[in-house]
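Structure file work31.pdb (PDB, C-alpha atoms) is printed below.
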```pdb
ATOM      1  CA  MET A   1       8.830  -8.082 -15.082
ATOM      2  CA  GLU A   2       7.421 -11.483 -14.187
ATOM      3  CA  TYR A   3       7.540 -12.245 -10.498
ATOM      4  CA  LEU A   4       7.340 -15.634  -8.855
ATOM      5  CA  LEU A   5       3.650 -16.474  -8.781
ATOM      6  CA  VAL A   6       2.829 -15.926  -5.167
ATOM      7  CA  GLN A   7       0.090 -13.818  -3.669
ATOM      8  CA  ASP A   8      -0.063 -11.292  -0.937
ATOM      9  CA  VAL A   9      -0.731 -12.372   2.610
ATOM     10  CA  ALA A  10      -0.151 -10.613   5.881
ATOM     11  CA  LEU A  11       2.490 -12.196   8.121
ATOM     12  CA  SER A  12       2.575 -11.544  11.860
ATOM     13  CA  THR A  13       4.876  -8.770  12.934
ATOM     14  CA  ALA A  14       8.041  -9.877  14.702
ATOM     15  CA  PRO A  15      11.032  -7.957  16.094
ATOM     16  CA  SER A  16      13.566  -6.975  13.477
ATOM     17  CA  TYR A  17      17.073  -8.372  13.500
ATOM     18  CA  ALA A  18      18.554  -5.303  11.850
ATOM     19  CA  ALA A  19      17.771  -1.887  10.469
ATOM     20  CA  VAL A  20      19.075   0.294   7.697
ATOM     21  CA  THR A  21      22.456   1.652   8.688
ATOM     22  CA  LYS A  22      23.699   5.190   8.964
ATOM     23  CA  LEU A  23      27.246   6.407   8.576
ATOM     24  CA  GLN A  24      27.770   7.029  12.267
ATOM     25  CA  SER A  25      26.816   3.445  13.185
ATOM     26  CA  TRP A  26      28.323   1.701  10.168
ATOM     27  CA  PRO A  27      31.863   1.125  11.553
ATOM     28  CA  GLN A  28      30.430  -0.420  14.734
ATOM     29  CA  LEU A  29      28.350  -3.079  12.934
ATOM     30  CA  PRO A  30      29.444  -6.652  13.580
ATOM     31  CA  GLU A  31      31.339  -8.244  10.756
ATOM     32  CA  CYS A  32      28.978 -10.201   8.498
ATOM     33  CA  THR A  33      30.703 -13.126   6.873
ATOM     34  CA  GLU A  34      29.168 -15.263   4.150
ATOM     35  CA  GLN A  35      28.300 -18.050   6.576
ATOM     36  CA  SER A  36      26.876 -15.749   9.266
ATOM     37  CA  LEU A  37      24.592 -14.003   6.765
ATOM     38  CA  VAL A  38      23.236 -17.285   5.374
ATOM     39  CA  SER A  39      22.759 -18.631   8.893
ATOM     40  CA  GLN A  40      20.825 -15.542   9.998
ATOM     41  CA  LEU A  41      18.600 -15.662   6.929
ATOM     42  CA  GLN A  42      17.783 -19.292   7.649
ATOM     43  CA  THR A  43      16.352 -18.390  11.065
ATOM     44  CA  THR A  44      13.173 -16.794   9.690
ATOM     45  CA  LEU A  45      10.647 -17.116   6.881
ATOM     46  CA  ASP A  46       9.383 -13.568   7.467
ATOM     47  CA  ILE A  47      10.338 -11.429   4.462
ATOM     48  CA  GLN A  48      10.488  -8.250   6.556
ATOM     49  CA  GLN A  49      12.933  -9.847   8.976
ATOM     50  CA  GLN A  50      15.024 -11.220   6.124
ATOM     51  CA  LEU A  51      15.164  -7.745   4.567
ATOM     52  CA  ASN A  52      16.344  -6.214   7.826
ATOM     53  CA  ILE A  53      19.101  -8.842   8.072
ATOM     54  CA  VAL A  54      20.228  -8.103   4.519
ATOM     55  CA  SER A  55      20.147  -4.360   5.210
ATOM     56  CA  MET A  56      22.657  -4.788   8.043
ATOM     57  CA  ALA A  57      24.968  -6.804   5.799
ATOM     58  CA  ALA A  58      24.625  -4.281   2.978
ATOM     59  CA  GLY A  59      25.404  -1.506   5.446
ATOM     60  CA  LYS A  60      28.895  -2.975   5.801
ATOM     61  CA  VAL A  61      29.386  -2.386   2.089
ATOM     62  CA  LEU A  62      27.908   1.128   1.953
ATOM     63  CA  PRO A  63      25.958   3.195   4.518
ATOM     64  CA  LEU A  64      22.317   2.975   3.409
ATOM     65  CA  SER A  65      19.412   5.335   4.008
ATOM     66  CA  SER A  66      16.773   3.002   2.574
ATOM     67  CA  LEU A  67      16.359  -0.541   1.320
ATOM     68  CA  THR A  68      13.140  -1.787  -0.270
ATOM     69  CA  VAL A  69      12.256  -5.146  -1.789
ATOM     70  CA  LYS A  70       9.353  -5.446  -4.238
ATOM     71  CA  THR A  71       7.838  -8.923  -4.544
ATOM     72  CA  ALA A  72       4.615 -10.487  -5.747
ATOM     73  CA  VAL A  73       3.520 -10.720  -2.085
ATOM     74  CA  GLY A  74       3.976  -6.985  -1.588
ATOM     75  CA  ASP A  75       6.595  -4.321  -0.999
ATOM     76  CA  PHE A  76       8.738  -4.319   2.140
ATOM     77  CA  THR A  77      10.967  -1.507   3.422
ATOM     78  CA  ALA A  78      13.764  -1.983   5.931
ATOM     79  CA  SER A  79      13.317  -0.421   9.350
ATOM     80  CA  GLY A  80      14.381   3.208   9.617
ATOM     81  CA  SER A  81      14.408   3.875   5.875
ATOM     82  CA  CYS A  82      14.306   7.394   4.464
ATOM     83  CA  ALA A  83      14.955   8.950   1.062
ATOM     84  CA  ALA A  84      18.490   9.732  -0.115
ATOM     85  CA  ASP A  85      20.262  11.249  -3.142
ATOM     86  CA  PHE A  86      21.638   8.091  -4.753
ATOM     87  CA  GLU A  87      19.571   5.091  -5.824
ATOM     88  CA  TYR A  88      20.533   1.671  -7.145
ATOM     89  CA  LYS A  89      18.168  -1.099  -8.298
ATOM     90  CA  SER A  90      18.897  -4.783  -8.604
ATOM     91  CA  VAL A  91      16.786  -7.771  -9.678
ATOM     92  CA  LEU A  92      16.953 -11.032  -7.725
ATOM     93  CA  VAL A  93      16.747 -14.033 -10.065
ATOM     94  CA  LEU A  94      16.897 -17.722  -9.142
ATOM     95  CA  ASN A  95      16.648 -20.528 -11.695
ATOM     96  CA  GLN A  96      15.426 -18.064 -14.334
ATOM     97  CA  GLN A  97      12.623 -16.870 -12.066
ATOM     98  CA  CYS A  98      12.485 -13.250 -10.957
ATOM     99  CA  LEU A  99      11.921 -13.305  -7.211
ATOM    100  CA  ALA A 100      12.058  -9.597  -6.437
ATOM    101  CA  GLU A 101      13.516  -6.186  -7.133
ATOM    102  CA  LEU A 102      15.769  -4.492  -4.587
ATOM    103  CA  ILE A 103      15.958  -0.708  -4.375
ATOM    104  CA  TYR A 104      18.876   0.777  -2.435
ATOM    105  CA  GLN A 105      19.182   4.441  -1.450
ATOM    106  CA  SER A 106      22.213   6.103   0.058
ATOM    107  CA  ASP A 107      23.875   9.470   0.536
ATOM    108  CA  TYR A 108      26.918   7.931  -1.188
ATOM    109  CA  ALA A 109      27.332   6.859  -4.798
ATOM    110  CA  PHE A 110      26.953   3.208  -5.842
ATOM    111  CA  THR A 111      30.232   2.634  -7.646
ATOM    112  CA  PRO A 112      30.795  -0.473  -9.799
ATOM    113  CA  MET A 113      32.817  -2.019  -6.964
ATOM    114  CA  ILE A 114      30.000  -1.366  -4.474
ATOM    115  CA  GLN A 115      27.462  -2.864  -6.873
ATOM    116  CA  ARG A 116      29.591  -5.980  -7.233
ATOM    117  CA  GLU A 117      29.804  -6.449  -3.461
ATOM    118  CA  LEU A 118      26.049  -5.971  -3.095
ATOM    119  CA  LEU A 119      25.485  -8.568  -5.794
ATOM    120  CA  LEU A 120      27.493 -11.087  -3.777
ATOM    121  CA  LEU A 121      25.323 -10.410  -0.721
ATOM    122  CA  GLU A 122      22.149 -10.733  -2.777
ATOM    123  CA  SER A 123      23.223 -14.149  -4.043
ATOM    124  CA  GLU A 124      23.196 -15.385  -0.441
ATOM    125  CA  TRP A 125      19.603 -14.259   0.017
ATOM    126  CA  LEU A 126      18.105 -16.040  -2.995
ATOM    127  CA  PHE A 127      17.227 -19.417  -1.469
ATOM    128  CA  ALA A 128      15.963 -17.994   1.836
ATOM    129  CA  LEU A 129      13.815 -15.467  -0.028
ATOM    130  CA  ARG A 130      12.458 -18.140  -2.342
ATOM    131  CA  ASN A 131      11.428 -20.241   0.660
ATOM    132  CA  ALA A 132       9.758 -17.251   2.330
ATOM    133  CA  LEU A 133       7.763 -16.523  -0.822
ATOM    134  CA  VAL A 134       6.600 -20.132  -1.053
ATOM    135  CA  VAL A 135       5.415 -20.062   2.569
ATOM    136  CA  SER A 136       3.559 -16.806   1.905
ATOM    137  CA  ARG A 137       1.831 -18.432  -1.048
ATOM    138  CA  LEU A 138       0.715 -21.395   1.054
ATOM    139  CA  GLN A 139      -0.603 -19.105   3.773
ATOM    140  CA  GLN A 140      -2.413 -17.013   1.181
ATOM    141  CA  MET A 141      -4.108 -20.085  -0.248
ATOM    142  CA  ALA A 142      -5.518 -20.847   3.191
ATOM    143  CA  LEU A 143      -6.849 -17.322   3.730
ATOM    144  CA  LYS A 144      -8.118 -16.153   0.339
ATOM    145  CA  ASP A 145     -11.116 -17.043  -1.787
ATOM    146  CA  THR A 146      -9.777 -18.719  -4.918
ATOM    147  CA  LEU A 147     -12.257 -17.072  -7.322
ATOM    148  CA  THR A 148     -12.295 -13.441  -6.237
ATOM    149  CA  GLY A 149      -9.033 -13.159  -4.297
ATOM    150  CA  LEU A 150     -10.924 -11.695  -1.341
ATOM    151  CA  GLY A 151     -10.416 -12.918   2.192
ATOM    152  CA  ASN A 152     -12.336 -16.104   2.938
ATOM    153  CA  ARG A 153     -14.420 -17.011   6.003
ATOM    154  CA  ARG A 154     -11.367 -18.186   7.936
ATOM    155  CA  PHE A 155      -9.603 -14.874   7.260
ATOM    156  CA  PHE A 156     -12.765 -12.974   8.192
ATOM    157  CA  ASP A 157     -13.101 -14.740  11.544
ATOM    158  CA  ASP A 158      -9.532 -13.845  12.483
ATOM    159  CA  SER A 159      -9.753 -10.244  11.229
ATOM    160  CA  PHE A 160     -13.180  -9.716  12.791
ATOM    161  CA  ASP A 161     -12.011 -10.766  16.249
ATOM    162  CA  LYS A 162      -8.949  -8.521  16.046
ATOM    163  CA  THR A 163     -10.967  -5.539  14.782
ATOM    164  CA  VAL A 164     -13.492  -5.847  17.617
ATOM    165  CA  GLN A 165     -10.771  -6.248  20.248
ATOM    166  CA  LEU A 166      -8.862  -3.200  18.994
ATOM    167  CA  ALA A 167     -12.012  -1.095  18.860
ATOM    168  CA  LYS A 168     -12.929  -1.961  22.450
ATOM    169  CA  ARG A 169      -9.366  -1.496  23.685
ATOM    170  CA  HIS A 170      -9.070   1.990  22.168
ATOM    171  CA  ASN A 171     -12.689   2.948  22.829
ATOM    172  CA  ASP A 172     -13.181   3.302  19.081
ATOM    173  CA  SER A 173     -16.000   2.343  16.735
ATOM    174  CA  CYS A 174     -16.247  -0.344  14.089
ATOM    175  CA  ALA A 175     -19.029  -1.499  11.805
ATOM    176  CA  LEU A 176     -19.907  -4.732  10.041
ATOM    177  CA  ILE A 177     -21.773  -4.843   6.729
ATOM    178  CA  LEU A 178     -23.108  -8.173   5.489
ATOM    179  CA  LEU A 179     -24.143  -8.255   1.827
ATOM    180  CA  ASP A 180     -26.106 -10.897  -0.014
ATOM    181  CA  LEU A 181     -26.907 -10.978  -3.745
ATOM    182  CA  ASP A 182     -30.569 -11.086  -4.676
ATOM    183  CA  ASN A 183     -31.735 -13.518  -7.392
ATOM    184  CA  PHE A 184     -28.246 -14.971  -7.755
ATOM    185  CA  LYS A 185     -29.353 -18.601  -7.680
ATOM    186  CA  GLN A 186     -31.384 -18.135 -10.848
ATOM    187  CA  VAL A 187     -28.248 -17.044 -12.694
ATOM    188  CA  ASN A 188     -26.520 -20.341 -11.990
ATOM    189  CA  ASP A 189     -29.711 -22.241 -12.808
ATOM    190  CA  ASN A 190     -30.515 -20.433 -16.062
ATOM    191  CA  ALA A 191     -27.196 -19.113 -17.417
ATOM    192  CA  GLY A 192     -24.698 -21.537 -15.880
ATOM    193  CA  HIS A 193     -21.975 -21.275 -13.261
ATOM    194  CA  SER A 194     -19.592 -19.406 -15.557
ATOM    195  CA  ALA A 195     -22.084 -16.530 -15.719
ATOM    196  CA  GLY A 196     -22.431 -16.700 -11.952
ATOM    197  CA  ASP A 197     -18.660 -16.513 -11.551
ATOM    198  CA  GLU A 198     -18.538 -13.437 -13.785
ATOM    199  CA  ILE A 199     -21.088 -11.710 -11.574
ATOM    200  CA  LEU A 200     -19.173 -12.601  -8.404
ATOM    201  CA  LEU A 201     -15.970 -11.210  -9.920
ATOM    202  CA  ALA A 202     -17.784  -8.046 -10.991
ATOM    203  CA  VAL A 203     -19.230  -7.578  -7.502
ATOM    204  CA  ALA A 204     -15.835  -8.177  -5.864
ATOM    205  CA  ASP A 205     -14.178  -5.599  -8.136
ATOM    206  CA  THR A 206     -16.975  -3.109  -7.509
ATOM    207  CA  LEU A 207     -16.667  -3.445  -3.752
ATOM    208  CA  ARG A 208     -12.870  -3.090  -3.902
ATOM    209  CA  ASP A 209     -13.164   0.119  -5.901
ATOM    210  CA  MET A 210     -15.687   1.632  -3.485
ATOM    211  CA  LEU A 211     -13.851   0.924  -0.230
ATOM    212  CA  ARG A 212     -10.904   2.596   1.473
ATOM    213  CA  CYS A 213      -7.613   0.788   1.803
ATOM    214  CA  THR A 214      -8.204   0.659   5.572
ATOM    215  CA  ASP A 215     -11.485  -1.246   5.125
ATOM    216  CA  SER A 216     -11.536  -5.045   4.914
ATOM    217  CA  LEU A 217     -13.520  -7.052   2.377
ATOM    218  CA  PHE A 218     -14.335 -10.770   2.442
ATOM    219  CA  ARG A 219     -16.338 -13.387   0.559
ATOM    220  CA  PHE A 220     -17.919 -15.985   2.800
ATOM    221  CA  GLY A 221     -18.652 -18.327  -0.057
ATOM    222  CA  GLY A 222     -21.623 -18.464  -2.382
ATOM    223  CA  ASP A 223     -23.012 -14.968  -2.918
ATOM    224  CA  GLU A 224     -22.303 -13.577   0.552
ATOM    225  CA  PHE A 225     -19.805 -10.793   1.261
ATOM    226  CA  ALA A 226     -18.706  -8.969   4.407
ATOM    227  CA  VAL A 227     -17.133  -5.558   4.963
ATOM    228  CA  LEU A 228     -15.357  -4.392   8.123
ATOM    229  CA  LEU A 229     -15.236  -0.626   8.673
ATOM    230  CA  SER A 230     -13.128   1.020  11.356
ATOM    231  CA  GLY A 231     -13.710   4.425  12.910
ATOM    232  CA  GLN A 232     -17.191   4.939  11.448
ATOM    233  CA  ASP A 233     -20.297   6.377  13.087
ATOM    234  CA  THR A 234     -23.776   5.150  12.221
ATOM    235  CA  SER A 235     -24.560   7.711   9.549
ATOM    236  CA  SER A 236     -21.209   7.323   7.820
ATOM    237  CA  ALA A 237     -21.368   3.524   7.869
ATOM    238  CA  GLU A 238     -24.915   3.551   6.535
ATOM    239  CA  LEU A 239     -23.835   5.870   3.727
ATOM    240  CA  VAL A 240     -21.057   3.432   2.806
ATOM    241  CA  ALA A 241     -23.463   0.490   2.841
ATOM    242  CA  ARG A 242     -25.963   2.275   0.597
ATOM    243  CA  ARG A 243     -23.218   3.268  -1.841
ATOM    244  CA  LEU A 244     -22.053  -0.337  -2.058
ATOM    245  CA  VAL A 245     -25.554  -1.636  -2.704
ATOM    246  CA  ARG A 246     -26.233   1.052  -5.290
ATOM    247  CA  ALA A 247     -22.953   0.352  -7.113
ATOM    248  CA  ILE A 248     -23.745  -3.364  -7.307
ATOM    249  CA  ASN A 249     -27.313  -2.732  -8.446
ATOM    250  CA  GLN A 250     -26.095  -0.397 -11.193
ATOM    251  CA  HIS A 251     -23.392  -2.688 -12.539
ATOM    252  CA  HIS A 252     -24.246  -3.654 -16.118
ATOM    253  CA  ARG A 253     -23.527  -7.344 -15.567
ATOM    254  CA  CYS A 254     -25.812  -7.485 -12.534
ATOM    255  CA  GLN A 255     -28.535  -5.598 -14.383
ATOM    256  CA  GLN A 256     -28.200  -8.015 -17.299
ATOM    257  CA  HIS A 257     -29.191 -10.921 -15.027
ATOM    258  CA  ASN A 258     -31.543  -8.977 -12.720
ATOM    259  CA  VAL A 259     -29.182  -9.375  -9.771
ATOM    260  CA  SER A 260     -29.170  -6.825  -6.956
ATOM    261  CA  ALA A 261     -27.786  -6.683  -3.423
ATOM    262  CA  SER A 262     -29.212  -6.429   0.076
ATOM    263  CA  ALA A 263     -27.169  -5.381   3.089
ATOM    264  CA  GLY A 264     -27.383  -5.481   6.859
ATOM    265  CA  LEU A 265     -25.350  -3.050   8.960
ATOM    266  CA  ALA A 266     -24.454  -3.114  12.640
ATOM    267  CA  LEU A 267     -22.156  -0.927  14.728
ATOM    268  CA  LEU A 268     -20.296  -2.204  17.754
ATOM    269  CA  LYS A 269     -21.824  -1.097  21.045
ATOM    270  CA  PRO A 270     -19.849  -0.874  24.299
ATOM    271  CA  GLU A 271     -21.685  -3.828  25.853
ATOM    272  CA  GLN A 272     -21.342  -6.046  22.753
ATOM    273  CA  ASP A 273     -18.752  -8.615  21.797
ATOM    274  CA  GLY A 274     -17.998  -9.898  18.301
ATOM    275  CA  LYS A 275     -20.644 -12.612  18.468
ATOM    276  CA  HIS A 276     -23.416 -10.116  19.224
ATOM    277  CA  LEU A 277     -22.184  -7.683  16.559
ATOM    278  CA  PHE A 278     -22.294 -10.383  13.897
ATOM    279  CA  ALA A 279     -25.743 -11.515  14.996
ATOM    280  CA  ALA A 280     -27.007  -7.940  14.792
ATOM    281  CA  ALA A 281     -25.679  -7.470  11.258
ATOM    282  CA  ASP A 282     -27.108 -10.829  10.222
ATOM    283  CA  SER A 283     -30.532  -9.902  11.582
ATOM    284  CA  ALA A 284     -30.372  -6.580   9.738
ATOM    285  CA  LEU A 285     -29.556  -8.419   6.503
ATOM    286  CA  TYR A 286     -32.540 -10.708   7.028
ATOM    287  CA  ALA A 287     -34.723  -7.633   7.562
ATOM    288  CA  ALA A 288     -33.445  -6.128   4.307
ATOM    289  CA  LYS A 289     -34.379  -9.311   2.463
ATOM    290  CA  GLU A 290     -37.816  -9.323   4.056
ATOM    291  CA  ALA A 291     -38.336  -5.655   3.095
ATOM    292  CA  GLY A 292     -38.192  -6.503  -0.592
ATOM    293  CA  LYS A 293     -34.464  -6.885  -1.261
ATOM    294  CA  SER A 294     -32.146  -4.386  -2.971
ATOM    295  CA  THR A 295     -31.982  -2.281   0.175
ATOM    296  CA  VAL A 296     -30.090  -1.645   3.427
ATOM    297  CA  ARG A 297     -31.238  -2.151   6.999
ATOM    298  CA  VAL A 298     -29.428  -0.963  10.118
ATOM    299  CA  ALA A 299     -29.492  -2.985  13.329
TER     300      ALA A 299
END
```

Let me see whether you can do it: turn the structure in this file into structure tokens.
Amino acid sequence: MEYLLVQDVALSTAPSYAAVTKLQSWPQLPECTEQSLVSQLQTTLDIQQQLNIVSMAAGKVLPLSSLTVKTAVGDFTASGSCAADFEYKSVLVLNQQCLAELIYQSDYAFTPMIQRELLLLESEWLFALRNALVVSRLQQMALKDTLTGLGNRRFFDDSFDKTVQLAKRHNDSCALILLDLDNFKQVNDNAGHSAGDEILLAVADTLRDMLRCTDSLFRFGGDEFAVLLSGQDTSSAELVARRLVRAINQHHRCQQHNVSASAGLALLKPEQDGKHLFAAADSALYAAKEAGKSTVRVA
């Protein structure tokens, strides 16, 4: 199905207004009239919060075990969800645009009458959900690189600070890998910017495929990339860095234009802050370039 063209972006977590209901709590839920539901939905542009509000209203129709909404900005599941025997799916459409798919689960059957009542509730969510998706798209545009879809420098700065703070708070480790493409400028000069863009896309896809979902990947601009690794020791982080460089160097499009990658790696030390960690990784990258490129150096 074709979703509204919005991209994924992380929104800050906020307390939920409601959770998926269970049978024992269903009769005690406050009555949710048409006006009260619309009013509650208008109080937030956070899709997770909106989903939790809708889940409470839907719980007045039928006790739910799970409620999930699938959108182009990601999948969201209402608080307290768990699997159940009966499932019902519904598509949310506004002005001939598919906004999302809702997936209900319950220990009780979704009769035609129940489905009709849920449809009425869904109709009250359409405009609030549309607005939330638009806001997510605008936020995404400010945080993502338009060519590769990776996080941009602004997103990196925010994520880097949070990663370092969490690592120090929990006495954990984190590593920063800075990558730079070797001989990339000659591609733009000799083959044109379209060829350069193809290489950047190939590198971005290669890095995505090599990393864990818990790792973070960014493009600074130009031919510079950054990777944030959590919970890695020196040997493990160095192994990751060398695998990334090797994968880039072996990519057929990079080999076609004699493009390789150099990387600098630094691990957070107890006495360091984010500024010193970045400087260490940057110095290691410079050392890799000075060593003849297409290699990895550890700070």

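Distance annotation: of A:Ala202, A:Leu207, A:Glu290, A:Gln165, the residue with the minimal separation from His251 of chain A is A:Ala202; atom set is all atoms listed in the file.
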
Across A:Cys254, A:Leu179, A:Asp273, A:Arg246, the smallest distance to Leu285 of chain A, with only C-alpha atoms counted, is shown by A:Leu179

Check your understanding: Mind telling me what the PyMOL selection byres ((chain A and resi 264) around 6) catches here, as a list in words?
Key -> Ile177, Leu178, Ala263, Leu265, Ala281, Ala284, Leu285, Val296, Arg297 and Val298 of chain A

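The residue that comes closest to Gln186 of chain A, out of A:Val259, A:Phe156, A:Arg219, A:Thr71 and on the basis of only C-alpha atoms, is A:Val259.
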
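Applied to the file shown here, the PyMOL selection byres ((chain A and resi 275) around 12) selects the residues Asp157, Phe160, Asp161, Val164, Gln165, Leu176, Ala266, Leu268, Lys269, Glu271, Gln272, Asp273, Gly274, His276, Leu277, Phe278, Ala279, Ala280, Ala281 and Asp282 of chain A.
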
Quick one: apply the PyMOL selection byres ((chain A and resi 38) around 10) to the file and drop the selected residues here as a ChimeraX atom specification. /A:32-37,39-43,53-54,121,123-128

Filtering to C-alpha atoms, could you give me those residues as a PDB file, in the frame of the given file?
```
ATOM      1  CA  CYS A  32      28.978 -10.201   8.498  1.00  0.00           C
ATOM      2  CA  THR A  33      30.703 -13.126   6.873  1.00  0.00           C
ATOM      3  CA  GLU A  34      29.168 -15.263   4.150  1.00  0.00           C
ATOM      4  CA  GLN A  35      28.300 -18.050   6.576  1.00  0.00           C
ATOM      5  CA  SER A  36      26.876 -15.749   9.266  1.00  0.00           C
ATOM      6  CA  LEU A  37      24.592 -14.003   6.765  1.00  0.00           C
ATOM      7  CA  SER A  39      22.759 -18.631   8.893  1.00  0.00           C
ATOM      8  CA  GLN A  40      20.825 -15.542   9.998  1.00  0.00           C
ATOM      9  CA  LEU A  41      18.600 -15.662   6.929  1.00  0.00           C
ATOM     10  CA  GLN A  42      17.783 -19.292   7.649  1.00  0.00           C
ATOM     11  CA  THR A  43      16.352 -18.390  11.065  1.00  0.00           C
ATOM     12  CA  ILE A  53      19.101  -8.842   8.072  1.00  0.00           C
ATOM     13  CA  VAL A  54      20.228  -8.103   4.519  1.00  0.00           C
ATOM     14  CA  LEU A 121      25.323 -10.410  -0.721  1.00  0.00           C
ATOM     15  CA  SER A 123      23.223 -14.149  -4.043  1.00  0.00           C
ATOM     16  CA  GLU A 124      23.196 -15.385  -0.441  1.00  0.00           C
ATOM     17  CA  TRP A 125      19.603 -14.259   0.017  1.00  0.00           C
ATOM     18  CA  LEU A 126      18.105 -16.040  -2.995  1.00  0.00           C
ATOM     19  CA  PHE A 127      17.227 -19.417  -1.469  1.00  0.00           C
ATOM     20  CA  ALA A 128      15.963 -17.994   1.836  1.00  0.00           C
TER      21      ALA A 128
END
```

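Restricting the calculation to all atoms listed in the file, the smallest distance between Thr44 of chain A and any of A:Asn171, A:Asn131, A:Gln105, A:Gln250 is found for A:Asn131.
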
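Closest to Ala261 of chain A among A:Asp233, A:Glu122, A:Asp107, A:Asp182 is A:Asp182, based on all atoms listed in the file.
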
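Interatomic distance, atom CA of Gln115 of chain A against atom CA of Asp75 of chain A: 21.7 Å.
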
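The shortest atom-to-atom distance to Lys289 of chain A, with all atoms listed in the file taken into account, belongs to A:Asn183 out of A:Ser90, A:Ser55, A:Asn183, A:Ser230.
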
Taken to one decimal, the atom CA of Gln140 of chain A-atom CA of Met56 of chain A distance is 28.7 Å

note - atom CA of Leu51 of chain A and atom CA of Leu166 of chain A are separated by 28.4 Å

Practice prompt. Name the residues within 10 Å of (12.0, -6.4, -11.8), counting only C-alpha atoms in the file's coordinates, and put them as a PyMOL selection string.
Written response: chain A and resi 1-3+70-71+89-93+98-102

Any chance you could export the current selection's C-alpha atoms as a PDB file, keeping the file's coordinate frame?
```pdb
ATOM      1  CA  MET A   1       8.830  -8.082 -15.082  1.00  0.00           C
ATOM      2  CA  GLU A   2       7.421 -11.483 -14.187  1.00  0.00           C
ATOM      3  CA  TYR A   3       7.540 -12.245 -10.498  1.00  0.00           C
ATOM      4  CA  LYS A  70       9.353  -5.446  -4.238  1.00  0.00           C
ATOM      5  CA  THR A  71       7.838  -8.923  -4.544  1.00  0.00           C
ATOM      6  CA  LYS A  89      18.168  -1.099  -8.298  1.00  0.00           C
ATOM      7  CA  SER A  90      18.897  -4.783  -8.604  1.00  0.00           C
ATOM      8  CA  VAL A  91      16.786  -7.771  -9.678  1.00  0.00           C
ATOM      9  CA  LEU A  92      16.953 -11.032  -7.725  1.00  0.00           C
ATOM     10  CA  VAL A  93      16.747 -14.033 -10.065  1.00  0.00           C
ATOM     11  CA  CYS A  98      12.485 -13.250 -10.957  1.00  0.00           C
ATOM     12  CA  LEU A  99      11.921 -13.305  -7.211  1.00  0.00           C
ATOM     13  CA  ALA A 100      12.058  -9.597  -6.437  1.00  0.00           C
ATOM     14  CA  GLU A 101      13.516  -6.186  -7.133  1.00  0.00           C
ATOM     15  CA  LEU A 102      15.769  -4.492  -4.587  1.00  0.00           C
TER      16      LEU A 102
END
```

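Residues in contact with Arg212 of chain A at up to 12 Å, not including ones fewer than 5 positions away on its chain and judged by all atoms listed in the file, are Leu207, Leu217, Val227, Leu228, Leu229, Ser230, Gly231 and Val240 of chain A.
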
Please enclose the listed atoms of segment 275-287 of chain A in an axis-aligned box, pad each side by 8 Å, and write out the centre and the three edge lengths in Å, rounded to one decimal, as JSON.
```
{"center_x": -27.7, "center_y": -9.6, "center_z": 12.9, "size_x": 30.1, "size_y": 22.0, "size_z": 28.7}
```
